[in-house]
$ cat run_21.pdb   # PDB, C-alpha atoms
ATOM      1  CA  MET A 386       5.624   8.399   9.931
ATOM      2  CA  VAL A 387       5.159   5.488  12.279
ATOM      3  CA  VAL A 388       6.304   2.167  10.835
ATOM      4  CA  ALA A 389       5.811  -0.933  12.930
ATOM      5  CA  THR A 390       7.092  -4.307  11.784
ATOM      6  CA  ILE A 391       4.959  -6.412  14.063
ATOM      7  CA  LYS A 392       5.882  -9.840  15.356
ATOM      8  CA  ARG A 393       4.862 -11.729  18.456
ATOM      9  CA  ILE A 394       6.987 -10.369  21.282
ATOM     10  CA  ASN A 395       6.406 -11.602  24.801
ATOM     11  CA  SER A 396       7.803  -8.925  27.056
ATOM     12  CA  GLY A 397       6.778  -7.149  30.220
ATOM     13  CA  ASN A 398       7.621  -3.473  30.542
ATOM     14  CA  PHE A 399       8.528  -1.777  27.289
ATOM     15  CA  ASN A 400      12.262  -1.466  26.739
ATOM     16  CA  SER A 401      13.625  -0.698  23.283
ATOM     17  CA  ASP A 402      16.759  -2.818  23.700
ATOM     18  CA  SER A 403      14.863  -5.852  24.970
ATOM     19  CA  VAL A 404      12.241  -5.479  22.224
ATOM     20  CA  VAL A 405      14.884  -5.468  19.496
ATOM     21  CA  GLU A 406      16.712  -8.417  21.090
ATOM     22  CA  THR A 407      13.492 -10.414  21.435
ATOM     23  CA  PHE A 408      12.399  -9.516  17.902
ATOM     24  CA  VAL A 409      15.654 -10.805  16.411
ATOM     25  CA  HIS A 410      15.327 -13.995  18.450
ATOM     26  CA  LYS A 411      11.676 -14.621  17.571
ATOM     27  CA  VAL A 412      11.450 -13.488  13.945
ATOM     28  CA  VAL A 413      12.546 -16.771  12.351
ATOM     29  CA  THR A 414      10.576 -19.137  14.587
ATOM     30  CA  TRP A 415       7.347 -17.215  15.205
ATOM     31  CA  LYS A 416       4.239 -18.580  13.501
ATOM     32  CA  PRO A 417       0.813 -16.918  13.686
ATOM     33  CA  LYS A 418      -1.855 -18.727  15.690
ATOM     34  CA  VAL A 419      -5.621 -18.364  15.826
ATOM     35  CA  ASN A 420      -6.634 -15.727  18.391
ATOM     36  CA  ASP A 421      -2.964 -14.988  19.076
ATOM     37  CA  ASP A 422      -2.839 -11.821  21.180
ATOM     38  CA  GLY A 423       0.882 -11.241  20.651
ATOM     39  CA  VAL A 424       0.128  -8.548  18.101
ATOM     40  CA  SER A 425      -2.076  -6.551  20.445
ATOM     41  CA  ASN A 426       0.434  -7.007  23.282
ATOM     42  CA  PHE A 427       3.185  -5.491  21.192
ATOM     43  CA  LEU A 428       0.967  -2.764  19.755
ATOM     44  CA  SER A 429      -0.044  -1.678  23.243
ATOM     45  CA  ALA A 430       3.611  -0.896  23.901
ATOM     46  CA  LEU A 431       3.968   1.345  20.867
ATOM     47  CA  PRO A 432       3.743   5.125  21.363
ATOM     48  CA  LYS A 433       0.605   6.528  19.754
ATOM     49  CA  PRO A 434       0.079   9.991  18.204
ATOM     50  CA  ARG A 435      -1.836  12.369  20.431
ATOM     51  CA  ILE A 436      -5.252  12.606  18.783
ATOM     52  CA  SER A 437      -8.033  14.988  19.738
ATOM     53  CA  LEU A 438     -11.507  15.061  18.203
ATOM     54  CA  LYS A 439     -12.333  18.245  16.343
ATOM     55  CA  GLN A 440     -15.145  19.309  14.035
ATOM     56  CA  GLY A 441     -17.224  16.175  14.443
ATOM     57  CA  ARG A 442     -15.430  13.106  13.125
ATOM     58  CA  GLN A 443     -12.302  14.911  11.906
ATOM     59  CA  LYS A 444      -9.195  14.282  13.957
ATOM     60  CA  THR A 445      -6.173  16.420  14.613
ATOM     61  CA  ILE A 446      -2.783  14.773  14.846
ATOM     62  CA  SER A 447      -0.681  16.921  17.175
ATOM     63  CA  ALA A 448       3.091  16.636  17.366
ATOM     64  CA  ALA A 449       5.799  18.400  19.312
ATOM     65  CA  GLY A 450       7.567  21.073  17.316
ATOM     66  CA  GLU A 451       4.925  21.079  14.573
ATOM     67  CA  ALA A 452       5.095  24.420  12.821
ATOM     68  CA  GLU A 453       4.881  26.311   9.574
ATOM     69  CA  PRO A 454       8.106  27.544   7.910
ATOM     70  CA  ASP A 455       7.640  30.879   9.707
ATOM     71  CA  GLY A 456       7.618  29.097  13.074
ATOM     72  CA  ASN A 457       3.906  29.456  13.812
ATOM     73  CA  ASP A 458       2.143  26.394  15.166
ATOM     74  CA  ALA A 459      -0.066  24.735  12.558
ATOM     75  CA  PRO A 460      -1.243  21.231  13.498
ATOM     76  CA  THR A 461      -1.905  19.003  10.510
ATOM     77  CA  LYS A 462      -5.517  17.846  10.394
ATOM     78  CA  GLN A 463      -5.493  14.261   9.147
ATOM     79  CA  CYS A 464      -6.785  10.885  10.168
ATOM     80  CA  LEU A 465      -4.249   8.182  10.863
ATOM     81  CA  VAL A 466      -4.132   5.704   7.985
ATOM     82  CA  GLY A 467      -3.115   2.118   8.646
ATOM     83  CA  VAL A 468      -1.574  -0.008   5.906
ATOM     84  CA  VAL A 469      -1.613  -3.793   5.802
ATOM     85  CA  GLY A 470       1.789  -4.431   4.244
ATOM     86  CA  GLY A 471       4.091  -7.348   3.620
ATOM     87  CA  ILE A 472       1.873  -8.554   0.739
ATOM     88  CA  GLY A 473       4.428  -8.285  -0.772
ATOM     89  CA  PRO A 474       7.159  -6.741   1.342
ATOM     90  CA  ALA A 475       8.876  -4.826  -1.492
ATOM     91  CA  ALA A 476       5.641  -3.110  -2.464
ATOM     92  CA  SER A 477       4.837  -1.835   1.028
ATOM     93  CA  VAL A 478       8.394  -0.521   1.429
ATOM     94  CA  ARG A 479       8.127   1.311  -1.885
ATOM     95  CA  LEU A 480       4.778   2.771  -0.826
ATOM     96  CA  GLN A 481       6.396   4.291   2.241
ATOM     97  CA  ASP A 482       9.323   5.553   0.170
ATOM     98  CA  ILE A 483       7.191   7.397  -2.379
ATOM     99  CA  ILE A 484       5.020   8.900   0.374
ATOM    100  CA  VAL A 485       8.133  10.316   2.066
ATOM    101  CA  LYS A 486       9.472  11.682  -1.229
ATOM    102  CA  LYS A 487       6.151  13.286  -2.145
ATOM    103  CA  ASP A 488       5.802  14.839   1.301
ATOM    104  CA  SER A 489       9.397  16.100   1.218
ATOM    105  CA  LEU A 490       8.753  17.833  -2.103
ATOM    106  CA  ARG A 491       5.529  19.300  -0.735
ATOM    107  CA  CYS A 492       7.436  20.676   2.254
ATOM    108  CA  LYS A 493      10.022  22.240  -0.046
ATOM    109  CA  ASN A 494       7.267  23.903  -2.071
ATOM    110  CA  LYS A 495       5.671  25.060   1.183
ATOM    111  CA  GLY A 496       8.670  27.274   1.861
ATOM    112  CA  PHE A 497      10.920  25.282   4.178
ATOM    113  CA  THR A 498      14.634  26.017   3.824
ATOM    114  CA  ARG A 499      17.924  24.774   5.297
ATOM    115  CA  GLU A 500      17.404  27.141   8.203
ATOM    116  CA  ASN A 501      14.071  25.643   9.281
ATOM    117  CA  GLY A 502      13.872  22.363   7.354
ATOM    118  CA  PHE A 503      13.968  20.317  10.547
ATOM    119  CA  LEU A 504      10.421  21.579  11.245
ATOM    120  CA  ALA A 505       9.165  19.872   8.069
ATOM    121  CA  ASP A 506       8.989  16.408   9.657
ATOM    122  CA  SER A 507       5.629  17.062  11.271
ATOM    123  CA  HIS A 508       4.122  17.942   7.874
ATOM    124  CA  HIS A 509       4.596  14.396   6.599
ATOM    125  CA  THR A 510       1.658  12.011   6.295
ATOM    126  CA  PRO A 511       0.920  10.021   9.469
ATOM    127  CA  LEU A 512       1.054   6.339   8.565
ATOM    128  CA  LEU A 513       0.878   3.152  10.610
ATOM    129  CA  VAL A 514       2.180   0.079   8.753
ATOM    130  CA  PHE A 515       1.648  -3.532   9.810
ATOM    131  CA  ASN A 516       4.242  -5.375   7.735
ATOM    132  CA  ASN A 517       2.723  -8.854   7.991
ATOM    133  CA  PRO A 518       4.213 -11.268   5.417
ATOM    134  CA  GLN A 519       2.658 -14.220   7.269
ATOM    135  CA  ILE A 520      -0.697 -13.461   5.627
ATOM    136  CA  PRO A 521      -1.494 -16.426   3.334
ATOM    137  CA  ASN A 522      -0.750 -15.655  -0.310
ATOM    138  CA  ASN A 523      -3.570 -13.532  -1.730
ATOM    139  CA  ASN A 524      -3.064 -14.733  -5.295
ATOM    140  CA  ARG A 525      -3.359 -18.423  -4.397
ATOM    141  CA  GLY A 526      -6.298 -17.669  -2.136
ATOM    142  CA  ALA A 527      -8.174 -15.863  -4.904
ATOM    143  CA  LEU A 528      -7.502 -18.758  -7.288
ATOM    144  CA  GLY A 529      -8.784 -21.278  -4.746
ATOM    145  CA  ILE A 530      -5.532 -23.240  -4.702
ATOM    146  CA  GLY A 531      -4.292 -22.032  -1.321
ATOM    147  CA  PRO A 532      -5.602 -21.097   2.133
ATOM    148  CA  SER A 533      -7.850 -18.067   2.397
ATOM    149  CA  PRO A 534      -6.134 -14.907   3.703
ATOM    150  CA  VAL A 535      -9.399 -13.493   5.090
ATOM    151  CA  ASP A 536      -8.801 -14.351   8.768
ATOM    152  CA  ALA A 537      -5.284 -12.878   8.639
ATOM    153  CA  LEU A 538      -6.506  -9.742   6.850
ATOM    154  CA  VAL A 539      -9.242  -9.290   9.462
ATOM    155  CA  ASP A 540      -6.741  -9.736  12.292
ATOM    156  CA  SER A 541      -4.287  -7.300  10.657
ATOM    157  CA  ALA A 542      -6.930  -4.620  10.067
ATOM    158  CA  SER A 543      -8.192  -5.026  13.637
ATOM    159  CA  ALA A 544      -4.656  -4.752  15.014
ATOM    160  CA  LEU A 545      -4.116  -1.493  13.127
ATOM    161  CA  GLN A 546      -7.395  -0.130  14.455
ATOM    162  CA  ARG A 547      -6.398  -1.017  18.015
ATOM    163  CA  ALA A 548      -3.110   0.768  17.409
ATOM    164  CA  GLY A 549      -4.997   3.959  16.521
ATOM    165  CA  ALA A 550      -5.673   3.755  12.774
ATOM    166  CA  ASP A 551      -8.886   5.463  11.667
ATOM    167  CA  ALA A 552      -8.950   3.717   8.282
ATOM    168  CA  VAL A 553      -6.969   0.929   6.649
ATOM    169  CA  ALA A 554      -5.631   0.280   3.140
ATOM    170  CA  PHE A 555      -4.132  -2.873   1.622
ATOM    171  CA  ALA A 556      -0.758  -2.630  -0.130
ATOM    172  CA  CYS A 557      -1.960  -5.335  -2.521
ATOM    173  CA  THR A 558      -4.662  -5.094  -5.191
ATOM    174  CA  THR A 559      -5.600  -8.788  -4.907
ATOM    175  CA  ALA A 560      -6.397  -8.326  -1.210
ATOM    176  CA  TYR A 561      -9.329  -6.112  -2.251
ATOM    177  CA  THR A 562     -11.079  -9.300  -3.363
ATOM    178  CA  TRP A 563     -12.103  -9.602   0.295
ATOM    179  CA  LYS A 564     -12.485  -5.893   1.123
ATOM    180  CA  ASP A 565     -16.179  -6.092   2.049
ATOM    181  CA  ILE A 566     -15.935  -9.190   4.228
ATOM    182  CA  VAL A 567     -12.820  -7.877   6.011
ATOM    183  CA  SER A 568     -14.546  -4.571   6.721
ATOM    184  CA  ALA A 569     -17.726  -6.289   7.927
ATOM    185  CA  ARG A 570     -15.931  -8.713  10.234
ATOM    186  CA  SER A 571     -13.414  -6.238  11.652
ATOM    187  CA  GLY A 572     -15.606  -3.148  11.763
ATOM    188  CA  VAL A 573     -12.726  -1.222  10.164
ATOM    189  CA  HIS A 574     -13.215   1.258   7.337
ATOM    190  CA  ILE A 575     -11.183  -0.020   4.352
ATOM    191  CA  LEU A 576      -9.992   2.651   1.922
ATOM    192  CA  ASP A 577     -10.892   1.366  -1.544
ATOM    193  CA  LEU A 578      -7.782   2.126  -3.578
ATOM    194  CA  LEU A 579      -9.268   0.343  -6.607
ATOM    195  CA  GLN A 580     -12.078   2.910  -6.706
ATOM    196  CA  LEU A 581      -9.575   5.720  -6.343
ATOM    197  CA  VAL A 582      -7.526   4.408  -9.275
ATOM    198  CA  ALA A 583     -10.718   4.119 -11.353
ATOM    199  CA  LYS A 584     -11.688   7.704 -10.548
ATOM    200  CA  LYS A 585      -8.224   8.869 -11.528
ATOM    201  CA  VAL A 586      -8.582   7.128 -14.896
ATOM    202  CA  VAL A 587     -11.968   8.786 -15.440
ATOM    203  CA  MET A 588     -10.534  12.212 -14.638
ATOM    204  CA  SER A 589      -7.763  11.651 -17.197
ATOM    205  CA  GLY A 590     -10.270  11.025 -19.974
ATOM    206  CA  CYS A 591      -8.826   7.596 -20.841
ATOM    207  CA  LYS A 592     -11.501   5.189 -22.094
ATOM    208  CA  ARG A 593      -9.503   2.048 -22.949
ATOM    209  CA  VAL A 594      -6.790   0.822 -20.606
ATOM    210  CA  GLY A 595      -4.556  -2.204 -20.142
ATOM    211  CA  LEU A 596      -4.459  -3.864 -16.721
ATOM    212  CA  LEU A 597      -1.270  -5.538 -15.515
ATOM    213  CA  ASP A 598      -2.017  -7.691 -12.492
ATOM    214  CA  VAL A 599      -1.683 -11.224 -11.136
ATOM    215  CA  ASP A 600      -3.903 -14.187 -12.012
ATOM    216  CA  GLY A 601      -5.797 -13.967  -8.726
ATOM    217  CA  THR A 602      -6.903 -10.382  -9.306
ATOM    218  CA  HIS A 603      -8.128 -11.227 -12.801
ATOM    219  CA  ALA A 604      -9.913 -14.338 -11.485
ATOM    220  CA  SER A 605     -11.762 -12.388  -8.788
ATOM    221  CA  GLY A 606     -12.787  -9.790 -11.362
ATOM    222  CA  ARG A 607     -13.119  -7.036  -8.753
ATOM    223  CA  PHE A 608     -10.614  -4.591 -10.255
ATOM    224  CA  LYS A 609     -11.946  -5.076 -13.801
ATOM    225  CA  ALA A 610     -15.544  -4.684 -12.640
ATOM    226  CA  CYS A 611     -14.631  -1.552 -10.688
ATOM    227  CA  LEU A 612     -13.151   0.028 -13.811
ATOM    228  CA  GLU A 613     -16.047  -1.033 -16.031
ATOM    229  CA  GLU A 614     -18.539   0.487 -13.578
ATOM    230  CA  HIS A 615     -16.913   3.820 -14.410
ATOM    231  CA  GLY A 616     -17.308   3.258 -18.169
ATOM    232  CA  ILE A 617     -13.692   2.201 -18.730
ATOM    233  CA  GLU A 618     -12.930  -0.568 -21.226
ATOM    234  CA  VAL A 619     -10.347  -2.970 -19.810
ATOM    235  CA  VAL A 620      -7.887  -4.940 -21.948
ATOM    236  CA  LEU A 621      -6.031  -7.859 -20.359
ATOM    237  CA  PRO A 622      -2.710  -9.253 -21.612
ATOM    238  CA  TRP A 623      -2.727 -12.416 -23.690
ATOM    239  CA  LYS A 624      -2.368 -15.735 -21.860
ATOM    240  CA  SER A 625       1.321 -16.041 -22.806
ATOM    241  CA  GLU A 626       1.949 -12.464 -21.643
ATOM    242  CA  GLN A 627       0.111 -13.088 -18.380
ATOM    243  CA  LYS A 628       2.432 -15.988 -17.666
ATOM    244  CA  MET A 629       5.371 -13.612 -18.210
ATOM    245  CA  ILE A 630       3.826 -11.147 -15.755
ATOM    246  CA  MET A 631       3.509 -13.863 -13.123
ATOM    247  CA  ASN A 632       7.189 -14.714 -13.637
ATOM    248  CA  VAL A 633       8.086 -11.037 -13.173
ATOM    249  CA  VAL A 634       6.109 -10.860  -9.913
ATOM    250  CA  ALA A 635       7.833 -13.998  -8.628
ATOM    251  CA  ASP A 636      11.249 -12.570  -9.574
ATOM    252  CA  ILE A 637      10.599  -9.281  -7.779
ATOM    253  CA  LYS A 638       9.441 -11.156  -4.671
ATOM    254  CA  MET A 639      12.697 -13.155  -4.755
ATOM    255  CA  GLY A 640      14.810  -9.994  -4.913
ATOM    256  CA  VAL A 641      15.649  -9.971  -8.626
ATOM    257  CA  SER A 642      16.480  -6.447  -9.785
ATOM    258  CA  ALA A 643      14.011  -4.942 -12.235
ATOM    259  CA  ALA A 644      16.942  -4.166 -14.523
ATOM    260  CA  ASP A 645      17.874  -7.864 -14.722
ATOM    261  CA  GLY A 646      14.917  -8.938 -16.848
ATOM    262  CA  PRO A 647      11.583  -7.939 -15.260
ATOM    263  CA  LEU A 648      11.667  -4.387 -16.620
ATOM    264  CA  GLU A 649      12.401  -5.476 -20.183
ATOM    265  CA  THR A 650       9.590  -8.034 -20.025
ATOM    266  CA  LEU A 651       7.045  -5.492 -18.805
ATOM    267  CA  VAL A 652       8.086  -2.918 -21.397
ATOM    268  CA  GLU A 653       7.551  -5.536 -24.116
ATOM    269  CA  ILE A 654       4.045  -6.346 -22.836
ATOM    270  CA  VAL A 655       3.058  -2.682 -22.528
ATOM    271  CA  THR A 656       4.315  -2.046 -26.077
ATOM    272  CA  GLN A 657       2.042  -4.829 -27.351
ATOM    273  CA  LEU A 658      -0.959  -3.480 -25.448
ATOM    274  CA  VAL A 659      -0.433  -0.108 -27.101
ATOM    275  CA  LYS A 660       0.311  -1.249 -30.659
ATOM    276  CA  ARG A 661      -1.886  -4.348 -30.861
ATOM    277  CA  ASP A 662      -4.802  -3.427 -28.603
ATOM    278  CA  GLY A 663      -4.848   0.359 -28.890
ATOM    279  CA  VAL A 664      -4.901   1.159 -25.182
ATOM    280  CA  SER A 665      -4.323   4.778 -24.216
ATOM    281  CA  ALA A 666      -3.131   3.990 -20.700
ATOM    282  CA  VAL A 667      -1.882   1.113 -18.573
ATOM    283  CA  ILE A 668      -2.774   0.401 -14.946
ATOM    284  CA  LEU A 669       0.065  -1.047 -12.900
ATOM    285  CA  GLY A 670      -2.241  -3.156 -10.760
ATOM    286  CA  CYS A 671      -0.031  -5.637  -8.952
ATOM    287  CA  THR A 672       2.197  -3.763  -6.553
ATOM    288  CA  GLU A 673       5.260  -5.756  -7.642
ATOM    289  CA  VAL A 674       4.580  -4.661 -11.224
ATOM    290  CA  SER A 675       4.453  -1.027 -10.154
ATOM    291  CA  SER A 676       7.659  -1.543  -8.177
ATOM    292  CA  ALA A 677       9.415  -2.835 -11.302
ATOM    293  CA  LEU A 678       7.945  -0.539 -13.949
ATOM    294  CA  GLY A 679       6.734   2.440 -11.951
ATOM    295  CA  THR A 680      10.060   4.286 -11.885
ATOM    296  CA  ALA A 681      11.392   3.200 -15.288
ATOM    297  CA  THR A 682      12.642   5.971 -17.561
ATOM    298  CA  ASN A 683      12.706   3.854 -20.740
ATOM    299  CA  ARG A 684       9.137   2.558 -20.614
ATOM    300  CA  PRO A 685       6.734   3.242 -23.530
ATOM    301  CA  ASP A 686       5.549   6.835 -23.513
ATOM    302  CA  ILE A 687       1.896   6.515 -22.526
ATOM    303  CA  THR A 688      -0.149   7.287 -19.439
ATOM    304  CA  TYR A 689       0.362   5.030 -16.414
ATOM    305  CA  PHE A 690      -1.767   4.653 -13.307
ATOM    306  CA  ASP A 691       0.121   3.274 -10.351
ATOM    307  CA  SER A 692      -1.845   1.304  -7.755
ATOM    308  CA  LEU A 693       0.683   2.563  -5.175
ATOM    309  CA  SER A 694      -0.095   6.194  -6.010
ATOM    310  CA  THR A 695       0.788   8.290  -2.961
ATOM    311  CA  LYS A 696      -1.707  10.915  -4.024
ATOM    312  CA  GLU A 697      -4.613   8.547  -3.470
ATOM    313  CA  VAL A 698      -3.457   7.543   0.017
ATOM    314  CA  ARG A 699      -2.925  11.174   0.995
ATOM    315  CA  LYS A 700      -6.225  12.265  -0.541
ATOM    316  CA  ALA A 701      -8.053   9.646   1.494
ATOM    317  CA  SER A 702      -6.360  10.766   4.711
ATOM    318  CA  SER A 703      -6.789  14.503   4.276
TER     319      SER A 703
END

$ encode --input "run_21.pdb" --output "structure tokens"
Amino acid sequence: MVVATIKRINSGNFNSDSVVETFVHKVVTWKPKVNDDGVSNFLSALPKPRISLKQGRQKTISAAGEAEPDGNDAPTKQCLVGVVGGIGPAASVRLQDIIVKKDSLRCKNKGFTRENGFLADSHHTPLLVFNNPQIPNNNRGALGIGPSPVDALVDSASALQRAGADAVAFACTTAYTWKDIVSARSGVHILDLLQLVAKKVVMSGCKRVGLLDVDGTHASGRFKACLEEHGIEVVLPWKSEQKMIMNVVADIKMGVSAADGPLETLVEIVTQLVKRDGVSAVILGCTEVSSALGTATNRPDITYFDSLSTKEVRKASS
């Protein structure tokens, strides 16, 4: 996994010590500018996976020491997925964490042991993450009460493509409000995680679902429309409950532990969606919601669909 927290770094020849020192010095004061090429300058210094074209458009990611448990070489055929993260930061970190855990379990099931487990690294999903929290707030942008994040999303997707990403995903459901315009302006293929969630709901047989997301996502209507296109009835929380959800998202962004209130609030809302509205499943749309409720063991016992589902990211990159 390649994870790049990208800031503007003005340096000549690449040196890891000087990059870290400059990053620490610049991180507080750096502000993004229009047509700022600091991102591309830094990305050009990053080591890229060795990629060779095979079987038409399919790409092979080759890595030193890549092997099956028996020691035979077996390059993993995947495209390199780029993720626009930092929107919010906790969600993109959790996305990386669950991808690593899923891949580790897959490697264990593949037959790796303590004797050869060090070879399992190259069987993990290649991922390039641009953790860019300077993107204007997607929720406020979608509501029309803040600056549009489109330019920053275009720049971020383009930066990932220049770094070697074959396709890009947003670690934020609200950002998909501008998926089409970002793809058109950047020329980058955007993986539509909303469609993948909808297809997963269809495959489960669920017909009536609750959707927990922020005001901006509901206002844009894209996620709801995507689900309804697949014949899924969508139930939204009541206005008072939606306000509670927004408070939970704000708390998670400020570092409040899910156990210190947010989890209890979400469990209460899900319980009402089940008992009052008769939903058979709940979609954890906002990535902060999935961060808070996605790993809970005491949540109501119904089906959940996590917008940060590792399976969807890996399916798209296979």

$ atom_distance --input "run_21.pdb" --atom1 "atom CA of Pro647 of chain A" --atom2 "atom CA of Val468 of chain A"
26.2 Å

$ resolve_selection --input "run_21.pdb" --expression "the PyMOL selection byres ((chain A and resi 518) around 6)" --output "MDAnalysis selection string"
chainID A and resid 471:472 517 519:520

$ write_last_selection --input "run_21.pdb" --atoms "C-alpha atoms" --output "PDB file, keeping the file's coordinate frame"
ATOM      1  CA  GLY A 471       4.091  -7.348   3.620  1.00  0.00           C
ATOM      2  CA  ILE A 472       1.873  -8.554   0.739  1.00  0.00           C
ATOM      3  CA  ASN A 517       2.723  -8.854   7.991  1.00  0.00           C
ATOM      4  CA  GLN A 519       2.658 -14.220   7.269  1.00  0.00           C
ATOM      5  CA  ILE A 520      -0.697 -13.461   5.627  1.00  0.00           C
TER       6      ILE A 520
END

$ atom_distance --input "run_21.pdb" --atom1 "atom CA of Ser543 of chain A" --atom2 "atom CA of Phe515 of chain A"
10.7 Å

$ closest_residue --input "run_21.pdb" --among "A:Leu651, A:Val567, A:Ala548, A:Val599" --to "Met631 of chain A" --atoms "all atoms listed in the file"
A:Val599

$ residues_around --input "run_21.pdb" --residues "Ala542 of chain A" --least-positions-apart "5" --cutoff "8 Å" --atoms "all atoms listed in the file" --output "ChimeraX atom specification"
/A:467,469,553,567,571,573

$ axis_aligned_box --input "run_21.pdb" --around "segment 606-612 of chain A" --padding-each-side "6 Å" --output "AutoDock Vina command-line options"
--center_x -13.1 --center_y -4.9 --center_z -11.3 --size_x 16.9 --size_y 21.8 --size_z 17.1

$ atom_distance --input "run_21.pdb" --atom1 "atom CA of Ala527 of chain A" --atom2 "atom CA of Lys609 of chain A"
14.5 Å

$ resolve_selection --input "run_21.pdb" --expression "the PyMOL selection byres ((chain A and resi 670) around 9)" --output "PyMOL selection string"
chain A and resi 557-559+579+596-599+602+608+667-669+671-675+690-693

$ residues_around --input "run_21.pdb" --residues "Leu621 of chain A" --least-positions-apart "2" --cutoff "10 Å" --atoms "all atoms listed in the file" --output "list in words"
Val594, Gly595, Leu596, Leu597, Asp598, His603, Lys609, Val619, Trp623, Lys624, Glu626, Gln627, Leu658 and Asp662 of chain A

$ closest_residue --input "run_21.pdb" --among "A:Thr510, A:Val582, A:Leu465, A:Leu504" --to "Arg547 of chain A" --atoms "all atoms listed in the file"
A:Leu465

$ closest_residue --input "run_21.pdb" --among "A:Asn524, A:Ser676, A:Asn516, A:Thr498" --to "Leu648 of chain A" --atoms "only C-alpha atoms"
A:Ser676

$ residues_around --input "run_21.pdb" --residues "Lys638 of chain A" --least-positions-apart "5" --cutoff "9 Å" --atoms "all atoms listed in the file" --output "short mmCIF file (atom, residue, chain, number, x, y, z; two decimals) with C-alpha atoms, in the coordinates of the input"
data_model
loop_
_atom_site.label_atom_id
_atom_site.label_comp_id
_atom_site.auth_asym_id
_atom_site.auth_seq_id
_atom_site.Cartn_x
_atom_site.Cartn_y
_atom_site.Cartn_z
CA GLY A 473 4.43 -8.28 -0.77
CA PRO A 474 7.16 -6.74 1.34
CA ALA A 475 8.88 -4.83 -1.49
CA VAL A 633 8.09 -11.04 -13.17
CA GLU A 673 5.26 -5.76 -7.64
#

$ resolve_selection --input "run_21.pdb" --expression "the PyMOL selection byres ((chain A and resi 482-488) around 8)" --output "ChimeraX atom specification"
/A:478-481,489-492,508-510,695

$ closest_residue --input "run_21.pdb" --among "A:Ala677, A:Ile617, A:Ala554, A:Cys591" --to "Ala635 of chain A" --atoms "only C-alpha atoms"
A:Ala677
